[in-house]
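Data from target-v3.cif: mmCIF, N, CA and C atoms
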data_my_file
#
loop_
_atom_site.label_atom_id
_atom_site.label_comp_id
_atom_site.auth_asym_id
_atom_site.auth_seq_id
_atom_site.Cartn_x
_atom_site.Cartn_y
_atom_site.Cartn_z
N MET J 1 -12.16 21.45 1.46
CA MET J 1 -10.93 20.71 1.41
C MET J 1 -11.27 19.22 1.27
N THR J 2 -10.75 18.59 0.26
CA THR J 2 -11.03 17.17 0.04
C THR J 2 -9.98 16.32 0.73
N ARG J 3 -10.40 15.13 1.07
CA ARG J 3 -9.49 14.20 1.73
C ARG J 3 -8.86 13.29 0.68
N ASP J 4 -7.56 13.11 0.82
CA ASP J 4 -6.84 12.25 -0.11
C ASP J 4 -6.88 10.82 0.42
N PRO J 5 -7.54 9.88 -0.30
CA PRO J 5 -7.66 8.50 0.21
C PRO J 5 -6.32 7.80 0.33
N VAL J 6 -5.35 8.16 -0.50
CA VAL J 6 -4.03 7.53 -0.41
C VAL J 6 -3.36 7.92 0.90
N ARG J 7 -3.48 9.19 1.27
CA ARG J 7 -2.87 9.66 2.51
C ARG J 7 -3.54 9.04 3.73
N ILE J 8 -4.86 8.92 3.68
CA ILE J 8 -5.60 8.32 4.79
C ILE J 8 -5.24 6.85 4.94
N SER J 9 -5.16 6.12 3.84
CA SER J 9 -4.81 4.70 3.94
C SER J 9 -3.37 4.51 4.38
N SER J 10 -2.48 5.42 4.00
CA SER J 10 -1.09 5.34 4.47
C SER J 10 -1.03 5.57 5.98
N LEU J 11 -1.77 6.54 6.45
CA LEU J 11 -1.82 6.80 7.88
C LEU J 11 -2.42 5.63 8.63
N PHE J 12 -3.47 5.03 8.08
CA PHE J 12 -4.09 3.87 8.71
C PHE J 12 -3.10 2.71 8.78
N LEU J 13 -2.36 2.45 7.70
CA LEU J 13 -1.38 1.38 7.70
C LEU J 13 -0.28 1.65 8.72
N PHE J 14 0.19 2.91 8.78
CA PHE J 14 1.22 3.28 9.75
C PHE J 14 0.73 3.02 11.17
N LEU J 15 -0.47 3.49 11.49
CA LEU J 15 -1.01 3.31 12.84
C LEU J 15 -1.29 1.85 13.16
N ALA J 16 -1.76 1.10 12.18
CA ALA J 16 -2.03 -0.33 12.40
C ALA J 16 -0.74 -1.09 12.69
N VAL J 17 0.31 -0.80 11.93
CA VAL J 17 1.60 -1.46 12.17
C VAL J 17 2.16 -1.03 13.52
N PHE J 18 2.11 0.26 13.81
CA PHE J 18 2.67 0.80 15.05
C PHE J 18 2.01 0.17 16.28
N PHE J 19 0.68 0.23 16.33
CA PHE J 19 -0.01 -0.25 17.52
C PHE J 19 -0.03 -1.77 17.63
N SER J 20 -0.14 -2.47 16.51
CA SER J 20 -0.09 -3.93 16.59
C SER J 20 1.30 -4.40 17.02
N ALA J 21 2.34 -3.75 16.54
CA ALA J 21 3.69 -4.12 16.97
C ALA J 21 3.88 -3.82 18.45
N PHE J 22 3.38 -2.68 18.90
CA PHE J 22 3.51 -2.34 20.32
C PHE J 22 2.81 -3.37 21.21
N LEU J 23 1.59 -3.69 20.86
CA LEU J 23 0.83 -4.63 21.69
C LEU J 23 1.39 -6.05 21.64
N LEU J 24 1.75 -6.51 20.46
CA LEU J 24 2.25 -7.88 20.34
C LEU J 24 3.64 -8.05 20.96
N GLN J 25 4.45 -7.00 20.95
CA GLN J 25 5.78 -7.10 21.56
C GLN J 25 5.72 -7.12 23.08
N LEU J 26 4.59 -6.79 23.64
CA LEU J 26 4.46 -6.90 25.09
C LEU J 26 4.43 -8.35 25.55
N ILE J 27 3.95 -9.26 24.67
CA ILE J 27 3.81 -10.66 25.08
C ILE J 27 4.61 -11.63 24.21
N LEU J 28 5.07 -11.19 23.05
CA LEU J 28 5.79 -12.06 22.13
C LEU J 28 7.22 -11.55 21.91
N PRO J 29 8.09 -12.37 21.33
CA PRO J 29 9.48 -11.92 21.11
C PRO J 29 9.56 -10.76 20.10
N TRP J 30 10.75 -10.17 20.02
CA TRP J 30 10.93 -8.99 19.19
C TRP J 30 10.67 -9.26 17.71
N TRP J 31 10.92 -10.47 17.25
CA TRP J 31 10.81 -10.76 15.82
C TRP J 31 9.36 -10.86 15.35
N ILE J 32 8.41 -10.62 16.21
CA ILE J 32 7.01 -10.56 15.77
C ILE J 32 6.81 -9.41 14.78
N VAL J 33 7.73 -8.43 14.80
CA VAL J 33 7.63 -7.32 13.85
C VAL J 33 7.78 -7.81 12.41
N VAL J 34 8.48 -8.93 12.20
CA VAL J 34 8.61 -9.49 10.86
C VAL J 34 7.25 -10.03 10.40
N VAL J 35 6.55 -10.69 11.28
CA VAL J 35 5.22 -11.21 10.94
C VAL J 35 4.26 -10.05 10.65
N ILE J 36 4.37 -8.99 11.42
CA ILE J 36 3.53 -7.81 11.18
C ILE J 36 3.87 -7.18 9.83
N GLY J 37 5.16 -7.14 9.49
CA GLY J 37 5.57 -6.63 8.18
C GLY J 37 5.02 -7.47 7.04
N ILE J 38 5.05 -8.78 7.21
CA ILE J 38 4.48 -9.67 6.18
C ILE J 38 2.99 -9.41 6.03
N ALA J 39 2.29 -9.29 7.14
CA ALA J 39 0.85 -9.02 7.08
C ALA J 39 0.57 -7.67 6.41
N ALA J 40 1.38 -6.68 6.73
CA ALA J 40 1.19 -5.37 6.11
C ALA J 40 1.43 -5.44 4.60
N GLY J 41 2.43 -6.20 4.19
CA GLY J 41 2.70 -6.34 2.76
C GLY J 41 1.62 -7.09 2.02
N VAL J 42 1.05 -8.10 2.66
CA VAL J 42 0.02 -8.92 2.01
C VAL J 42 -1.30 -8.18 1.91
N PHE J 43 -1.71 -7.52 2.97
CA PHE J 43 -3.04 -6.93 3.01
C PHE J 43 -3.11 -5.49 2.49
N SER J 44 -1.98 -4.86 2.28
CA SER J 44 -1.99 -3.49 1.78
C SER J 44 -2.11 -3.47 0.26
N GLN J 45 -2.78 -2.48 -0.25
CA GLN J 45 -2.94 -2.30 -1.69
C GLN J 45 -1.90 -1.34 -2.27
N LYS J 46 -0.94 -0.98 -1.48
CA LYS J 46 0.05 0.01 -1.89
C LYS J 46 1.18 -0.62 -2.70
N GLN J 47 1.97 0.23 -3.30
CA GLN J 47 3.15 -0.22 -4.03
C GLN J 47 4.16 -0.83 -3.04
N PRO J 48 4.97 -1.80 -3.47
CA PRO J 48 5.89 -2.46 -2.55
C PRO J 48 6.84 -1.51 -1.81
N TRP J 49 7.42 -0.54 -2.51
CA TRP J 49 8.35 0.37 -1.83
C TRP J 49 7.63 1.32 -0.88
N HIS J 50 6.38 1.61 -1.17
CA HIS J 50 5.59 2.43 -0.25
C HIS J 50 5.34 1.66 1.05
N ASN J 51 5.01 0.37 0.91
CA ASN J 51 4.86 -0.48 2.10
C ASN J 51 6.15 -0.53 2.90
N PHE J 52 7.27 -0.66 2.20
CA PHE J 52 8.58 -0.70 2.87
C PHE J 52 8.78 0.54 3.73
N LEU J 53 8.53 1.71 3.15
CA LEU J 53 8.76 2.97 3.88
C LEU J 53 7.80 3.14 5.06
N ILE J 54 6.55 2.76 4.87
CA ILE J 54 5.58 2.91 5.96
C ILE J 54 5.92 1.99 7.11
N VAL J 55 6.22 0.73 6.82
CA VAL J 55 6.56 -0.22 7.88
C VAL J 55 7.87 0.17 8.55
N PHE J 56 8.87 0.60 7.77
CA PHE J 56 10.14 1.02 8.35
C PHE J 56 9.95 2.20 9.30
N SER J 57 9.17 3.18 8.88
CA SER J 57 8.98 4.35 9.74
C SER J 57 8.16 4.02 10.99
N ALA J 58 7.15 3.15 10.86
CA ALA J 58 6.33 2.80 12.02
C ALA J 58 7.14 2.01 13.06
N ILE J 59 7.84 0.98 12.62
CA ILE J 59 8.63 0.17 13.55
C ILE J 59 9.82 0.96 14.06
N GLY J 60 10.44 1.76 13.20
CA GLY J 60 11.57 2.58 13.64
C GLY J 60 11.17 3.58 14.71
N LEU J 61 10.04 4.24 14.52
CA LEU J 61 9.56 5.18 15.53
C LEU J 61 9.21 4.46 16.83
N LEU J 62 8.56 3.32 16.71
CA LEU J 62 8.20 2.56 17.91
C LEU J 62 9.44 2.16 18.69
N TRP J 63 10.44 1.61 18.02
CA TRP J 63 11.64 1.18 18.72
C TRP J 63 12.44 2.36 19.27
N LEU J 64 12.41 3.50 18.58
CA LEU J 64 13.06 4.70 19.11
C LEU J 64 12.38 5.17 20.39
N LEU J 65 11.06 5.16 20.40
CA LEU J 65 10.33 5.58 21.59
C LEU J 65 10.56 4.61 22.76
N ILE J 66 10.57 3.31 22.47
CA ILE J 66 10.81 2.34 23.53
C ILE J 66 12.23 2.46 24.07
N ALA J 67 13.21 2.64 23.18
CA ALA J 67 14.61 2.80 23.62
C ALA J 67 14.77 4.08 24.44
N SER J 68 14.09 5.14 24.04
CA SER J 68 14.16 6.39 24.81
C SER J 68 13.53 6.22 26.18
N TYR J 69 12.42 5.52 26.25
CA TYR J 69 11.77 5.27 27.53
C TYR J 69 12.67 4.45 28.45
N ILE J 70 13.29 3.42 27.91
CA ILE J 70 14.20 2.59 28.72
C ILE J 70 15.39 3.42 29.21
N THR J 71 15.91 4.28 28.35
CA THR J 71 17.04 5.14 28.74
C THR J 71 16.63 6.11 29.84
N LEU J 72 15.45 6.68 29.74
CA LEU J 72 15.00 7.63 30.76
C LEU J 72 14.70 6.96 32.10
N THR J 73 14.21 5.72 32.05
CA THR J 73 13.85 5.06 33.30
C THR J 73 15.07 4.52 34.06
N ASN J 74 16.19 4.31 33.38
CA ASN J 74 17.37 3.84 34.11
C ASN J 74 18.43 4.92 34.26
N SER J 75 18.02 6.16 34.16
CA SER J 75 18.88 7.33 34.36
C SER J 75 20.07 7.36 33.41
N ALA J 76 19.91 6.82 32.23
CA ALA J 76 20.93 6.81 31.18
C ALA J 76 22.23 6.15 31.60
N VAL J 77 22.14 5.18 32.50
CA VAL J 77 23.33 4.46 32.94
C VAL J 77 23.72 3.39 31.91
N LEU J 78 22.73 2.78 31.30
CA LEU J 78 22.97 1.66 30.40
C LEU J 78 23.48 2.08 29.03
N LEU J 79 23.08 3.24 28.56
CA LEU J 79 23.41 3.68 27.21
C LEU J 79 24.92 3.79 26.95
N PRO J 80 25.72 4.42 27.82
CA PRO J 80 27.16 4.47 27.56
C PRO J 80 27.82 3.09 27.63
N ARG J 81 27.29 2.22 28.45
CA ARG J 81 27.87 0.87 28.53
C ARG J 81 27.61 0.08 27.25
N ILE J 82 26.40 0.19 26.72
CA ILE J 82 26.09 -0.49 25.46
C ILE J 82 26.92 0.10 24.33
N SER J 83 27.07 1.41 24.32
CA SER J 83 27.89 2.07 23.31
C SER J 83 29.34 1.59 23.38
N GLY J 84 29.86 1.43 24.57
CA GLY J 84 31.21 0.91 24.73
C GLY J 84 31.33 -0.55 24.34
N LEU J 85 30.29 -1.33 24.63
CA LEU J 85 30.30 -2.75 24.29
C LEU J 85 30.39 -2.95 22.78
N PHE J 86 29.66 -2.16 22.03
CA PHE J 86 29.69 -2.27 20.57
C PHE J 86 30.75 -1.38 19.94
N GLN J 87 31.54 -0.70 20.74
CA GLN J 87 32.63 0.18 20.30
C GLN J 87 32.13 1.24 19.31
N LEU J 88 31.01 1.84 19.64
CA LEU J 88 30.46 2.90 18.81
C LEU J 88 31.14 4.21 19.17
N PRO J 89 31.44 5.06 18.20
CA PRO J 89 32.14 6.31 18.51
C PRO J 89 31.28 7.34 19.26
N ALA J 90 29.97 7.22 19.17
CA ALA J 90 29.09 8.16 19.87
C ALA J 90 27.94 7.39 20.51
N VAL J 91 27.46 7.92 21.62
CA VAL J 91 26.41 7.25 22.37
C VAL J 91 25.10 7.23 21.59
N TRP J 92 24.81 8.28 20.84
CA TRP J 92 23.55 8.36 20.10
C TRP J 92 23.45 7.30 19.02
N MET J 93 24.56 6.71 18.62
CA MET J 93 24.53 5.68 17.58
C MET J 93 23.84 4.41 18.06
N VAL J 94 23.70 4.23 19.36
CA VAL J 94 22.95 3.09 19.88
C VAL J 94 21.50 3.17 19.40
N TYR J 95 20.97 4.37 19.34
CA TYR J 95 19.60 4.55 18.85
C TYR J 95 19.50 4.18 17.37
N VAL J 96 20.48 4.55 16.59
CA VAL J 96 20.47 4.22 15.16
C VAL J 96 20.53 2.71 14.97
N VAL J 97 21.39 2.04 15.71
CA VAL J 97 21.49 0.59 15.62
C VAL J 97 20.18 -0.06 16.06
N THR J 98 19.58 0.46 17.10
CA THR J 98 18.31 -0.07 17.59
C THR J 98 17.21 0.05 16.53
N ILE J 99 17.13 1.21 15.90
CA ILE J 99 16.12 1.41 14.86
C ILE J 99 16.36 0.46 13.70
N LEU J 100 17.60 0.33 13.28
CA LEU J 100 17.90 -0.55 12.14
C LEU J 100 17.61 -2.01 12.44
N VAL J 101 17.93 -2.46 13.65
CA VAL J 101 17.68 -3.86 14.01
C VAL J 101 16.19 -4.17 14.01
N GLY J 102 15.37 -3.24 14.41
CA GLY J 102 13.93 -3.49 14.44
C GLY J 102 13.24 -3.24 13.12
N ALA J 103 13.60 -2.13 12.47
CA ALA J 103 12.84 -1.69 11.30
C ALA J 103 13.25 -2.40 10.01
N LEU J 104 14.51 -2.72 9.84
CA LEU J 104 14.93 -3.36 8.59
C LEU J 104 14.31 -4.73 8.36
N PRO J 105 14.35 -5.65 9.31
CA PRO J 105 13.71 -6.95 9.04
C PRO J 105 12.22 -6.85 8.76
N ALA J 106 11.53 -5.99 9.50
CA ALA J 106 10.08 -5.84 9.29
C ALA J 106 9.78 -5.23 7.93
N SER J 107 10.53 -4.21 7.54
CA SER J 107 10.25 -3.56 6.26
C SER J 107 10.68 -4.42 5.08
N ILE J 108 11.74 -5.19 5.22
CA ILE J 108 12.13 -6.12 4.15
C ILE J 108 11.08 -7.21 4.01
N ALA J 109 10.51 -7.66 5.13
CA ALA J 109 9.43 -8.65 5.07
C ALA J 109 8.20 -8.07 4.38
N ALA J 110 7.88 -6.81 4.65
CA ALA J 110 6.74 -6.16 3.98
C ALA J 110 7.00 -6.02 2.49
N LEU J 111 8.22 -5.68 2.14
CA LEU J 111 8.58 -5.55 0.73
C LEU J 111 8.47 -6.89 0.01
N GLY J 112 9.02 -7.93 0.61
CA GLY J 112 8.94 -9.26 0.01
C GLY J 112 7.52 -9.77 -0.11
N ALA J 113 6.72 -9.55 0.90
CA ALA J 113 5.32 -9.98 0.85
C ALA J 113 4.55 -9.20 -0.21
N SER J 114 4.88 -7.94 -0.39
CA SER J 114 4.22 -7.14 -1.42
C SER J 114 4.57 -7.65 -2.81
N TRP J 115 5.80 -8.08 -2.99
CA TRP J 115 6.22 -8.59 -4.29
C TRP J 115 5.64 -9.97 -4.58
N LEU J 116 5.43 -10.77 -3.54
CA LEU J 116 5.00 -12.15 -3.74
C LEU J 116 3.48 -12.33 -3.81
N LYS J 117 2.71 -11.34 -3.39
CA LYS J 117 1.26 -11.54 -3.39
C LYS J 117 0.75 -11.54 -4.82
N PRO J 118 -0.28 -12.33 -5.08
CA PRO J 118 -0.81 -12.42 -6.44
C PRO J 118 -1.50 -11.12 -6.85
N GLU J 119 -1.44 -10.83 -8.12
CA GLU J 119 -2.09 -9.63 -8.65
C GLU J 119 -3.60 -9.81 -8.61
N ARG J 120 -4.29 -8.78 -8.17
CA ARG J 120 -5.76 -8.82 -8.12
C ARG J 120 -6.30 -8.13 -9.35
N SER J 121 -7.26 -8.75 -9.96
CA SER J 121 -7.81 -8.13 -11.19
C SER J 121 -9.21 -7.60 -10.96
#
If you took the structure in this file and wrote it as structure tokens, what would it be?
Amino acid sequence: MTRDPVRISSLFLFLAVFFSAFLLQLILPWWIVVVIGIAAGVFSQKQPWHNFLIVFSAIGLLWLLIASYITLTNSAVLLPRISGLFQLPAVWMVYVVTILVGALPASIAALGASWLKPERS
């Protein structure tokens, strides 16, 4: 069985974005994910939309896991209140909003950085 280098590099980029975002968000503000997205777009050799999807899925999964952990540690008391505050029709939509707030800016930054980097010959 041969290893596909594209798949391995995609997995490496996913893990690099995921773990660097996790570690940096422990000490820096939430918008550090935008800087990580820019770095992923600049240093990756992938197509721009591929970078977008990888960064979106890595940050989205990270923020989903963190939101789930916060919900479990406070006995799910906060989730219905936040849902009511934003007038969402269902409580689970708080997770969707959380993922979009974190993953969209980072993935758009990765996409823009991929488009702006100079072509290598």
Within 8 Å of file point (-0.4, -7.1, 14.3), counting all atoms listed in the file, expressed as a short mmCIF file (atom, residue, chain, number, x, y, z; two decimals) with N, CA and C atoms, in the frame of the given file:
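Once written, part34.cif looks like this:
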data_model
loop_
_atom_site.label_atom_id
_atom_site.label_comp_id
_atom_site.auth_asym_id
_atom_site.auth_seq_id
_atom_site.Cartn_x
_atom_site.Cartn_y
_atom_site.Cartn_z
N ALA J 16 -1.76 1.10 12.18
CA ALA J 16 -2.03 -0.33 12.40
C ALA J 16 -0.74 -1.09 12.69
N VAL J 17 0.31 -0.80 11.93
CA VAL J 17 1.60 -1.46 12.17
C VAL J 17 2.16 -1.03 13.52
N PHE J 18 2.11 0.26 13.81
CA PHE J 18 2.67 0.80 15.05
C PHE J 18 2.01 0.17 16.28
N PHE J 19 0.68 0.23 16.33
CA PHE J 19 -0.01 -0.25 17.52
C PHE J 19 -0.03 -1.77 17.63
N SER J 20 -0.14 -2.47 16.51
CA SER J 20 -0.09 -3.93 16.59
C SER J 20 1.30 -4.40 17.02
N ALA J 21 2.34 -3.75 16.54
CA ALA J 21 3.69 -4.12 16.97
C ALA J 21 3.88 -3.82 18.45
N PHE J 22 3.38 -2.68 18.90
CA PHE J 22 3.51 -2.34 20.32
C PHE J 22 2.81 -3.37 21.21
N LEU J 23 1.59 -3.69 20.86
CA LEU J 23 0.83 -4.63 21.69
C LEU J 23 1.39 -6.05 21.64
N LEU J 24 1.75 -6.51 20.46
CA LEU J 24 2.25 -7.88 20.34
C LEU J 24 3.64 -8.05 20.96
N ILE J 32 8.41 -10.62 16.21
CA ILE J 32 7.01 -10.56 15.77
C ILE J 32 6.81 -9.41 14.78
N VAL J 35 6.55 -10.69 11.28
CA VAL J 35 5.22 -11.21 10.94
C VAL J 35 4.26 -10.05 10.65
N ILE J 36 4.37 -8.99 11.42
CA ILE J 36 3.53 -7.81 11.18
C ILE J 36 3.87 -7.18 9.83
N GLY J 37 5.16 -7.14 9.49
CA GLY J 37 5.57 -6.63 8.18
C GLY J 37 5.02 -7.47 7.04
N ALA J 39 2.29 -9.29 7.14
CA ALA J 39 0.85 -9.02 7.08
C ALA J 39 0.57 -7.67 6.41
N ALA J 40 1.38 -6.68 6.73
CA ALA J 40 1.19 -5.37 6.11
C ALA J 40 1.43 -5.44 4.60
#
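Applied to the shown file, the PyMOL selection byres (((chain J and resi 94 and name CA) around 12) and name CA) selects the residues J:Trp63, J:Leu64, J:Ala67, J:Ser68, J:Thr71, J:Leu78, J:Leu79, J:Pro80, J:Arg81, J:Ile82, J:Ser83, J:Gly84, J:Leu85, J:Phe86, J:Gln87, J:Leu88, J:Pro89, J:Ala90, J:Val91, J:Trp92, J:Met93, J:Tyr95, J:Val96, J:Val97, J:Thr98, J:Ile99, J:Leu100, J:Val101.
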Can I get the selected residues back with N, CA and C atoms, as an mmCIF file, keeping the file's coordinate frame?
data_model
loop_
_atom_site.group_PDB
_atom_site.id
_atom_site.type_symbol
_atom_site.label_atom_id
_atom_site.label_comp_id
_atom_site.auth_asym_id
_atom_site.auth_seq_id
_atom_site.Cartn_x
_atom_site.Cartn_y
_atom_site.Cartn_z
ATOM 1 N N TRP J 63 10.440 1.610 18.020
ATOM 2 C CA TRP J 63 11.640 1.180 18.720
ATOM 3 C C TRP J 63 12.440 2.360 19.270
ATOM 4 N N LEU J 64 12.410 3.500 18.580
ATOM 5 C CA LEU J 64 13.060 4.700 19.110
ATOM 6 C C LEU J 64 12.380 5.170 20.390
ATOM 7 N N ALA J 67 13.210 2.640 23.180
ATOM 8 C CA ALA J 67 14.610 2.800 23.620
ATOM 9 C C ALA J 67 14.770 4.080 24.440
ATOM 10 N N SER J 68 14.090 5.140 24.040
ATOM 11 C CA SER J 68 14.160 6.390 24.810
ATOM 12 C C SER J 68 13.530 6.220 26.180
ATOM 13 N N THR J 71 15.910 4.280 28.350
ATOM 14 C CA THR J 71 17.040 5.140 28.740
ATOM 15 C C THR J 71 16.630 6.110 29.840
ATOM 16 N N LEU J 78 22.730 2.780 31.300
ATOM 17 C CA LEU J 78 22.970 1.660 30.400
ATOM 18 C C LEU J 78 23.480 2.080 29.030
ATOM 19 N N LEU J 79 23.080 3.240 28.560
ATOM 20 C CA LEU J 79 23.410 3.680 27.210
ATOM 21 C C LEU J 79 24.920 3.790 26.950
ATOM 22 N N PRO J 80 25.720 4.420 27.820
ATOM 23 C CA PRO J 80 27.160 4.470 27.560
ATOM 24 C C PRO J 80 27.820 3.090 27.630
ATOM 25 N N ARG J 81 27.290 2.220 28.450
ATOM 26 C CA ARG J 81 27.870 0.870 28.530
ATOM 27 C C ARG J 81 27.610 0.080 27.250
ATOM 28 N N ILE J 82 26.400 0.190 26.720
ATOM 29 C CA ILE J 82 26.090 -0.490 25.460
ATOM 30 C C ILE J 82 26.920 0.100 24.330
ATOM 31 N N SER J 83 27.070 1.410 24.320
ATOM 32 C CA SER J 83 27.890 2.070 23.310
ATOM 33 C C SER J 83 29.340 1.590 23.380
ATOM 34 N N GLY J 84 29.860 1.430 24.570
ATOM 35 C CA GLY J 84 31.210 0.910 24.730
ATOM 36 C C GLY J 84 31.330 -0.550 24.340
ATOM 37 N N LEU J 85 30.290 -1.330 24.630
ATOM 38 C CA LEU J 85 30.300 -2.750 24.290
ATOM 39 C C LEU J 85 30.390 -2.950 22.780
ATOM 40 N N PHE J 86 29.660 -2.160 22.030
ATOM 41 C CA PHE J 86 29.690 -2.270 20.570
ATOM 42 C C PHE J 86 30.750 -1.380 19.940
ATOM 43 N N GLN J 87 31.540 -0.700 20.740
ATOM 44 C CA GLN J 87 32.630 0.180 20.300
ATOM 45 C C GLN J 87 32.130 1.240 19.310
ATOM 46 N N LEU J 88 31.010 1.840 19.640
ATOM 47 C CA LEU J 88 30.460 2.900 18.810
ATOM 48 C C LEU J 88 31.140 4.210 19.170
ATOM 49 N N PRO J 89 31.440 5.060 18.200
ATOM 50 C CA PRO J 89 32.140 6.310 18.510
ATOM 51 C C PRO J 89 31.280 7.340 19.260
ATOM 52 N N ALA J 90 29.970 7.220 19.170
ATOM 53 C CA ALA J 90 29.090 8.160 19.870
ATOM 54 C C ALA J 90 27.940 7.390 20.510
ATOM 55 N N VAL J 91 27.460 7.920 21.620
ATOM 56 C CA VAL J 91 26.410 7.250 22.370
ATOM 57 C C VAL J 91 25.100 7.230 21.590
ATOM 58 N N TRP J 92 24.810 8.280 20.840
ATOM 59 C CA TRP J 92 23.550 8.360 20.100
ATOM 60 C C TRP J 92 23.450 7.300 19.020
ATOM 61 N N MET J 93 24.560 6.710 18.620
ATOM 62 C CA MET J 93 24.530 5.680 17.580
ATOM 63 C C MET J 93 23.840 4.410 18.060
ATOM 64 N N TYR J 95 20.970 4.370 19.340
ATOM 65 C CA TYR J 95 19.600 4.550 18.850
ATOM 66 C C TYR J 95 19.500 4.180 17.370
ATOM 67 N N VAL J 96 20.480 4.550 16.590
ATOM 68 C CA VAL J 96 20.470 4.220 15.160
ATOM 69 C C VAL J 96 20.530 2.710 14.970
ATOM 70 N N VAL J 97 21.390 2.040 15.710
ATOM 71 C CA VAL J 97 21.490 0.590 15.620
ATOM 72 C C VAL J 97 20.180 -0.060 16.060
ATOM 73 N N THR J 98 19.580 0.460 17.100
ATOM 74 C CA THR J 98 18.310 -0.070 17.590
ATOM 75 C C THR J 98 17.210 0.050 16.530
ATOM 76 N N ILE J 99 17.130 1.210 15.900
ATOM 77 C CA ILE J 99 16.120 1.410 14.860
ATOM 78 C C ILE J 99 16.360 0.460 13.700
ATOM 79 N N LEU J 100 17.600 0.330 13.280
ATOM 80 C CA LEU J 100 17.900 -0.550 12.140
ATOM 81 C C LEU J 100 17.610 -2.010 12.440
ATOM 82 N N VAL J 101 17.930 -2.460 13.650
ATOM 83 C CA VAL J 101 17.680 -3.860 14.010
ATOM 84 C C VAL J 101 16.190 -4.170 14.010
#
Selection as a VMD selection string: residues within 7 Å of (7.8, -0.9, 3.7), counting all atoms listed in the file: chain J and resid 48 to 57 106 to 108 110 to 111
Between CA of Gly60 in chain J and atom C of Ala103 in chain J - distance in Å to one decimal: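 Separation of atom C of Ala103 in chain J and CA of Gly60 in chain J: 6.4 Å.
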For atom N of Ile59 in chain J and atom N of Leu116 in chain J, the interatomic separation in Å (one decimal):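 Those two atoms sit 20.1 Å apart.
You will find atom N of Pro105 in chain J at 7.3 Å from atom N of Val34 in chain J.
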With distances taken over all atoms listed in the file, which of J:Val77, J:Gly102, J:Leu61, J:Gly41 is nearest to Lys117 in chain J? J:Gly41
Mind listing the helix (DSSP H, G or I) residues of chain J, per DSSP on the backbone, as an MDAnalysis selection string? chainID J and resid 5:25 32:43 48:73 78:85 93:116
Centre, edges in Å (one decimal): axis-aligned box, range 28-44 of chain J, 5 Å padding on all six sides, as JSON:
{"center_x": 3.9, "center_y": -7.9, "center_z": 11.7, "size_x": 24.0, "size_y": 18.9, "size_z": 32.8}
